[in-house]
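Written out below as structure tokens is the structure these notes cover.
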Amino acid sequence: MIVAPCSMRSMSEISSGVTTTLLTRAADVTLKERRKLVLLVRETPLHTGHLRSMTALSEMGAIIAPPVPAFHAKPETLEDMVNHTVGRALDLFDIDVGVAHRWGEQEDSRRRPAAKRET
């Protein structure tokens with residue numbers, strides 16, 4: 001499950017297990033069932049309480065993936081930045097849509113058609 005964007009409120013509810021919405025309940029069940037949970041937390045700056053919630057979630061098996069732009073991919077447009085973030089999140093589930101550019105990839109390999117990665 002991917003929560004994008006993930007507010008600090010949603011993140012805090014998920015980390016505490018005290019859920020009030022369908023979204024946070026679904027994330028709570030995802031953790032309970034030991035399934036993959038990725039949170040694209042969106043707010044900064046962070047205070048110690050936020051960091052503690054992130055640590056607790058990480059210890060429970062969640063992946064904290066803030067949607068930060070990856071300039072090594074040399075984005076030319078805002079769409080390139082969004083696509084890269086979405087591609088990286090999907091990549092965590094072994095779904096390759098051909099938009100997540102990895103460090104050191106050749107320019108021509110960045111234009112490959114979308115296909116599922118073999119594991």
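Every chain in the structure tokens has a letter given in the order shown (A, B, ...), and although residue numbers restart at 1 in each chain, ligands are simply numbered from 1 in the order shown.
The environment of Gly61 in chain A within 8 Å, counting only C-alpha atoms and disregarding residues fewer than 6 places along the same chain, consists of Leu31, Arg34, Lys36 and Leu37 of chain A.
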Query raised in the report: Where does DSSP see alpha helix (DSSP H) in chain A, if you list the residues as a PyMOL selection string?
Result: chain A and resi 8-16+22-32+48-60+78-91
Query raised in the report: In terms of the shortest atom-to-atom distance over only C-alpha atoms, which of A:Ile2, A:Val86, A:Met81, A:Val38 is closest to Ile63 in chain A?
Result: A:Val38
Query - For Thr85 in chain A, the nearest of the candidates A:Leu22, A:Ala4, A:Leu51, A:Leu57, counting only C-alpha atoms - result: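 Comparing A:Leu22, A:Ala4, A:Leu51, A:Leu57 against Thr85 in chain A, the winner is A:Ala4.
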Query raised in the report: How far is it from CA of Thr48 in chain A to CA of Val18 in chain A, in Å with one decimal?
Result: 19.6 Å
Query - Contacts of Leu39 in chain A within 12 Å, only C-alpha atoms, excl. fewer than 3 positions in-chain, as a ChimeraX atom specification - result: /A:1-8,10-12,14-15,23-24,27,30-31,36,42-43,53-54,57-58,61-67,86,89-90,92
Resulting file, chosen residues, N, CA and C atoms, as an mmCIF file, in the first residue's frame:
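See out_17.cif below for the written result:
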data_model
loop_
_atom_site.group_PDB
_atom_site.id
_atom_site.type_symbol
_atom_site.label_atom_id
_atom_site.label_comp_id
_atom_site.auth_asym_id
_atom_site.auth_seq_id
_atom_site.Cartn_x
_atom_site.Cartn_y
_atom_site.Cartn_z
ATOM 1 N N MET A 1 0.853 -1.170 0.000
ATOM 2 C CA MET A 1 0.000 0.000 0.000
ATOM 3 C C MET A 1 0.892 1.224 0.000
ATOM 4 N N ILE A 2 0.526 2.205 -0.798
ATOM 5 C CA ILE A 2 1.238 3.483 -0.830
ATOM 6 C C ILE A 2 0.291 4.559 -0.349
ATOM 7 N N VAL A 3 0.753 5.371 0.604
ATOM 8 C CA VAL A 3 -0.009 6.526 1.058
ATOM 9 C C VAL A 3 0.724 7.756 0.532
ATOM 10 N N ALA A 4 0.105 8.397 -0.471
ATOM 11 C CA ALA A 4 0.748 9.544 -1.111
ATOM 12 C C ALA A 4 -0.301 10.591 -1.480
ATOM 13 N N PRO A 5 -0.185 11.780 -0.967
ATOM 14 C CA PRO A 5 0.757 12.200 0.056
ATOM 15 C C PRO A 5 0.298 11.712 1.418
ATOM 16 N N CYS A 6 1.227 11.631 2.329
ATOM 17 C CA CYS A 6 0.921 11.214 3.693
ATOM 18 C C CYS A 6 1.141 12.396 4.623
ATOM 19 N N SER A 7 0.065 12.880 5.227
ATOM 20 C CA SER A 7 0.184 13.996 6.171
ATOM 21 C C SER A 7 0.760 13.499 7.487
ATOM 22 N N MET A 8 1.221 14.425 8.293
ATOM 23 C CA MET A 8 1.739 14.066 9.613
ATOM 24 C C MET A 8 0.626 13.486 10.482
ATOM 25 N N SER A 10 -1.981 11.634 9.428
ATOM 26 C CA SER A 10 -2.167 10.240 9.017
ATOM 27 C C SER A 10 -1.014 9.381 9.501
ATOM 28 N N MET A 11 0.207 9.895 9.342
ATOM 29 C CA MET A 11 1.377 9.142 9.786
ATOM 30 C C MET A 11 1.298 8.863 11.289
ATOM 31 N N SER A 12 0.908 9.868 12.058
ATOM 32 C CA SER A 12 0.821 9.704 13.513
ATOM 33 C C SER A 12 -0.264 8.703 13.898
ATOM 34 N N ILE A 14 -1.322 6.190 12.069
ATOM 35 C CA ILE A 14 -0.851 4.858 11.699
ATOM 36 C C ILE A 14 0.175 4.360 12.705
ATOM 37 N N SER A 15 1.080 5.237 13.124
ATOM 38 C CA SER A 15 2.135 4.801 14.047
ATOM 39 C C SER A 15 1.588 4.458 15.426
ATOM 40 N N LEU A 23 -8.446 5.376 5.388
ATOM 41 C CA LEU A 23 -7.057 5.355 4.939
ATOM 42 C C LEU A 23 -6.121 4.851 6.034
ATOM 43 N N THR A 24 -6.230 5.439 7.224
ATOM 44 C CA THR A 24 -5.313 5.045 8.289
ATOM 45 C C THR A 24 -5.622 3.640 8.800
ATOM 46 N N ALA A 27 -4.033 1.268 6.312
ATOM 47 C CA ALA A 27 -2.583 1.227 6.529
ATOM 48 C C ALA A 27 -2.252 0.410 7.772
ATOM 49 N N THR A 30 -2.570 -3.153 6.895
ATOM 50 C CA THR A 30 -1.435 -3.522 6.049
ATOM 51 C C THR A 30 -0.238 -3.892 6.906
ATOM 52 N N LEU A 31 0.039 -3.078 7.922
ATOM 53 C CA LEU A 31 1.146 -3.393 8.840
ATOM 54 C C LEU A 31 0.859 -4.661 9.634
ATOM 55 N N LYS A 36 3.650 -4.704 2.624
ATOM 56 C CA LYS A 36 4.481 -3.521 2.402
ATOM 57 C C LYS A 36 3.638 -2.251 2.482
ATOM 58 N N ARG A 42 4.853 14.369 3.552
ATOM 59 C CA ARG A 42 4.940 15.572 2.743
ATOM 60 C C ARG A 42 5.304 16.845 3.479
ATOM 61 N N GLU A 43 5.359 16.825 4.766
ATOM 62 C CA GLU A 43 5.516 18.081 5.490
ATOM 63 C C GLU A 43 6.918 18.249 6.060
ATOM 64 N N SER A 53 7.672 9.171 15.365
ATOM 65 C CA SER A 53 6.617 8.416 14.664
ATOM 66 C C SER A 53 7.196 7.689 13.459
ATOM 67 N N MET A 54 8.076 8.360 12.725
ATOM 68 C CA MET A 54 8.714 7.721 11.574
ATOM 69 C C MET A 54 9.561 6.533 12.006
ATOM 70 N N LEU A 57 7.264 3.650 12.907
ATOM 71 C CA LEU A 57 6.737 3.026 11.695
ATOM 72 C C LEU A 57 7.789 2.194 10.985
ATOM 73 N N SER A 58 9.003 2.701 10.925
ATOM 74 C CA SER A 58 10.094 1.951 10.306
ATOM 75 C C SER A 58 10.340 0.648 11.059
ATOM 76 N N GLY A 61 7.954 -1.942 10.106
ATOM 77 C CA GLY A 61 8.094 -2.474 8.756
ATOM 78 C C GLY A 61 7.697 -1.529 7.643
ATOM 79 N N ALA A 62 7.243 -0.339 7.985
ATOM 80 C CA ALA A 62 6.866 0.629 6.955
ATOM 81 C C ALA A 62 8.121 1.229 6.315
ATOM 82 N N ILE A 63 7.949 1.735 5.111
ATOM 83 C CA ILE A 63 9.017 2.439 4.412
ATOM 84 C C ILE A 63 8.615 3.905 4.344
ATOM 85 N N ILE A 64 9.474 4.779 4.869
ATOM 86 C CA ILE A 64 9.243 6.214 4.821
ATOM 87 C C ILE A 64 9.989 6.740 3.600
ATOM 88 N N ALA A 65 9.256 7.301 2.651
ATOM 89 C CA ALA A 65 9.864 7.761 1.405
ATOM 90 C C ALA A 65 9.376 9.176 1.084
ATOM 91 N N PRO A 66 10.015 10.192 1.664
ATOM 92 C CA PRO A 66 9.584 11.556 1.355
ATOM 93 C C PRO A 66 9.729 11.846 -0.144
ATOM 94 N N PRO A 67 8.758 12.514 -0.729
ATOM 95 C CA PRO A 67 8.821 12.802 -2.165
ATOM 96 C C PRO A 67 9.757 13.971 -2.460
ATOM 97 N N VAL A 86 6.980 8.929 -8.414
ATOM 98 C CA VAL A 86 5.996 7.851 -8.560
ATOM 99 C C VAL A 86 6.701 6.560 -8.980
ATOM 100 N N ALA A 89 8.464 5.003 -6.008
ATOM 101 C CA ALA A 89 7.521 4.380 -5.069
ATOM 102 C C ALA A 89 7.032 3.040 -5.622
ATOM 103 N N LEU A 90 6.686 3.011 -6.898
ATOM 104 C CA LEU A 90 6.229 1.761 -7.509
ATOM 105 C C LEU A 90 7.352 0.738 -7.586
ATOM 106 N N LEU A 92 9.449 0.115 -5.400
ATOM 107 C CA LEU A 92 9.502 -0.591 -4.118
ATOM 108 C C LEU A 92 8.596 -1.828 -4.113
#
Report task. Select from range 12-80 of chain A everything DSSP, run on the backbone, classes as strand (DSSP E or B), then give the selection as a ChimeraX atom specification. Result -> /A:38-41,63-64
